[in-house]
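Peer 1: Following this message is one structure expressed as structure tokens.
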Amino acid sequence: MSTQMLRARAGEVTPEIEMVARDEQRSPEEIRQGVANGTIVIPANRGHQGLRPIGIGRTLRTKVNVNLGASSLVHFVDEE
């Protein structure tokens, strides 16, 4: 089994890429290029039947903005 990224890097436009392109009103090639270079992600687990793939990325409608880390301002107190 191959990932969306590997298939996109090989130049393949997958059905998932086509669906995202239609939903985002973009060309399949634009979505394929974004997936190939890692700026667009399409979570598409084959084990989950019936799910509609979506694209996630800066230039798309769905974005993820996360700031993870351990803050030195947070202190945990043991409860006795």
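In the structure tokens, chains take the letters A, B, ... in the order shown, each chain's residues start at 1, and ligands count up from 1 in the order shown.
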Could you pull the residues within 12 Å of Lys63 in chain A, counting only C-alpha atoms, minus those fewer than 4 positions along the same chain, as a PDB file with N, CA and C atoms, in the first residue's frame?
Peer 2:
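Done, and the output landed in result.pdb:
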ATOM      1  N   THR A  39       2.732  20.425   1.533  1.00  0.00           N
ATOM      2  CA  THR A  39       1.977  21.585   2.010  1.00  0.00           C
ATOM      3  C   THR A  39       0.483  21.304   2.122  1.00  0.00           C
ATOM      4  N   ILE A  40       0.045  20.179   1.576  1.00  0.00           N
ATOM      5  CA  ILE A  40      -1.346  19.741   1.688  1.00  0.00           C
ATOM      6  C   ILE A  40      -1.344  18.299   2.169  1.00  0.00           C
ATOM      7  N   VAL A  41      -2.249  18.002   3.096  1.00  0.00           N
ATOM      8  CA  VAL A  41      -2.394  16.650   3.618  1.00  0.00           C
ATOM      9  C   VAL A  41      -3.817  16.187   3.339  1.00  0.00           C
ATOM     10  N   ILE A  42      -3.949  14.935   2.923  1.00  0.00           N
ATOM     11  CA  ILE A  42      -5.263  14.318   2.740  1.00  0.00           C
ATOM     12  C   ILE A  42      -5.303  13.063   3.596  1.00  0.00           C
ATOM     13  N   ILE A  54     -10.817  15.029   2.884  1.00  0.00           N
ATOM     14  CA  ILE A  54     -10.699  16.479   2.800  1.00  0.00           C
ATOM     15  C   ILE A  54      -9.229  16.841   2.737  1.00  0.00           C
ATOM     16  N   GLY A  55      -8.950  17.993   2.193  1.00  0.00           N
ATOM     17  CA  GLY A  55      -7.586  18.489   2.146  1.00  0.00           C
ATOM     18  C   GLY A  55      -7.357  19.451   3.293  1.00  0.00           C
ATOM     19  N   ILE A  56      -6.182  19.383   3.865  1.00  0.00           N
ATOM     20  CA  ILE A  56      -5.804  20.279   4.950  1.00  0.00           C
ATOM     21  C   ILE A  56      -4.515  20.982   4.526  1.00  0.00           C
ATOM     22  N   GLY A  57      -4.537  22.308   4.566  1.00  0.00           N
ATOM     23  CA  GLY A  57      -3.342  23.057   4.193  1.00  0.00           C
ATOM     24  C   GLY A  57      -3.585  24.547   4.216  1.00  0.00           C
ATOM     25  N   ARG A  58      -2.522  25.291   4.198  1.00  0.00           N
ATOM     26  CA  ARG A  58      -2.583  26.752   4.301  1.00  0.00           C
ATOM     27  C   ARG A  58      -3.452  27.379   3.210  1.00  0.00           C
ATOM     28  N   THR A  59      -3.387  26.863   2.004  1.00  0.00           N
ATOM     29  CA  THR A  59      -4.127  27.455   0.889  1.00  0.00           C
ATOM     30  C   THR A  59      -5.535  26.887   0.733  1.00  0.00           C
TER      31      THR A  59
END
Peer 1: Please, which residues of chain A, numbered as in this document, come out strand (DSSP E) from DSSP, as a PyMOL selection string?
Peer 2: chain A and resi 40-41+56-57
Peer 1: Going by DSSP on the backbone, which bits of chain A are alpha helix (DSSP H)? Write them as a list in words, please.
Peer 2: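 The alpha helix (DSSP H) subset of chain A is Gln4, Met5, Leu6, Arg7, Ala8, Arg9, Pro15, Glu16, Ile17, Glu18, Met19, Val20, Ala21, Arg22, Asp23, Glu24, Pro28, Glu29, Glu30, Ile31, Arg32, Gln33, Gly34, Val35, Ala36 and Asn37 of chain A.
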Peer 1: How about saving the chosen residues, N, CA and C atoms kept, as a CSV table (one decimal), in the first residue's frame?
Peer 2:
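Printed below is out_2.csv as written:
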chain,number,residue,atom,x,y,z
A,4,GLN,N,-0.8,8.8,0.1
A,4,GLN,CA,-1.1,9.8,-0.8
A,4,GLN,C,0.1,10.6,-1.3
A,5,MET,N,1.0,10.9,-0.4
A,5,MET,CA,2.2,11.6,-0.7
A,5,MET,C,3.1,10.9,-1.7
A,6,LEU,N,3.3,9.6,-1.5
A,6,LEU,CA,4.2,8.8,-2.4
A,6,LEU,C,3.5,8.8,-3.8
A,7,ARG,N,2.2,8.6,-3.8
A,7,ARG,CA,1.5,8.5,-5.1
A,7,ARG,C,1.6,9.8,-5.8
A,8,ALA,N,1.4,10.9,-5.1
A,8,ALA,CA,1.5,12.3,-5.6
A,8,ALA,C,2.9,12.6,-6.2
A,9,ARG,N,3.9,12.2,-5.4
A,9,ARG,CA,5.3,12.4,-5.9
A,9,ARG,C,5.6,11.6,-7.1
A,15,PRO,N,-8.0,9.3,-6.7
A,15,PRO,CA,-9.4,9.7,-6.5
A,15,PRO,C,-9.6,10.7,-5.3
A,16,GLU,N,-8.8,10.5,-4.3
A,16,GLU,CA,-8.9,11.4,-3.1
A,16,GLU,C,-8.5,12.8,-3.5
A,17,ILE,N,-7.4,12.9,-4.3
A,17,ILE,CA,-6.9,14.2,-4.8
A,17,ILE,C,-8.0,14.8,-5.7
A,18,GLU,N,-8.6,14.1,-6.5
A,18,GLU,CA,-9.7,14.6,-7.4
A,18,GLU,C,-10.9,15.1,-6.6
A,19,MET,N,-11.2,14.4,-5.5
A,19,MET,CA,-12.4,14.8,-4.6
A,19,MET,C,-12.0,16.1,-3.9
A,20,VAL,N,-10.8,16.2,-3.4
A,20,VAL,CA,-10.4,17.5,-2.7
A,20,VAL,C,-10.4,18.6,-3.7
A,21,ALA,N,-9.8,18.4,-4.9
A,21,ALA,CA,-9.8,19.4,-5.9
A,21,ALA,C,-11.2,20.0,-6.3
A,22,ARG,N,-12.1,19.0,-6.4
A,22,ARG,CA,-13.5,19.4,-6.7
A,22,ARG,C,-14.1,20.3,-5.6
A,23,ASP,N,-13.9,19.8,-4.3
A,23,ASP,CA,-14.4,20.5,-3.2
A,23,ASP,C,-13.8,21.9,-3.0
A,24,GLU,N,-12.5,22.0,-3.3
A,24,GLU,CA,-11.8,23.2,-3.1
A,24,GLU,C,-11.8,24.2,-4.3
A,28,PRO,N,-6.9,19.4,-10.1
A,28,PRO,CA,-6.3,18.2,-9.4
A,28,PRO,C,-4.7,18.3,-9.4
A,29,GLU,N,-4.2,18.9,-10.4
A,29,GLU,CA,-2.7,19.0,-10.5
A,29,GLU,C,-2.2,19.9,-9.4
A,30,GLU,N,-2.9,21.0,-9.1
A,30,GLU,CA,-2.5,21.9,-8.0
A,30,GLU,C,-2.5,21.2,-6.6
A,31,ILE,N,-3.6,20.4,-6.4
A,31,ILE,CA,-3.7,19.6,-5.2
A,31,ILE,C,-2.6,18.6,-5.1
A,32,ARG,N,-2.4,17.9,-6.3
A,32,ARG,CA,-1.3,16.8,-6.3
A,32,ARG,C,0.0,17.4,-6.0
A,33,GLN,N,0.3,18.6,-6.5
A,33,GLN,CA,1.6,19.2,-6.2
A,33,GLN,C,1.8,19.6,-4.8
A,34,GLY,N,0.7,20.1,-4.2
A,34,GLY,CA,0.7,20.4,-2.7
A,34,GLY,C,0.9,19.2,-1.9
A,35,VAL,N,0.3,18.1,-2.2
A,35,VAL,CA,0.5,16.8,-1.5
A,35,VAL,C,1.9,16.3,-1.7
A,36,ALA,N,2.4,16.4,-2.9
A,36,ALA,CA,3.7,15.9,-3.2
A,36,ALA,C,4.8,16.7,-2.4
A,37,ASN,N,4.6,18.0,-2.2
A,37,ASN,CA,5.7,18.8,-1.5
A,37,ASN,C,5.4,19.0,-0.1
Peer 1: Calculated over only C-alpha atoms, which of the candidates A:Pro53, A:Asn67, A:Thr62, A:Arg46 has the smallest distance to Thr3 in chain A?
Peer 2: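 Distance minimum relative to Thr3 in chain A lands on A:Arg46.
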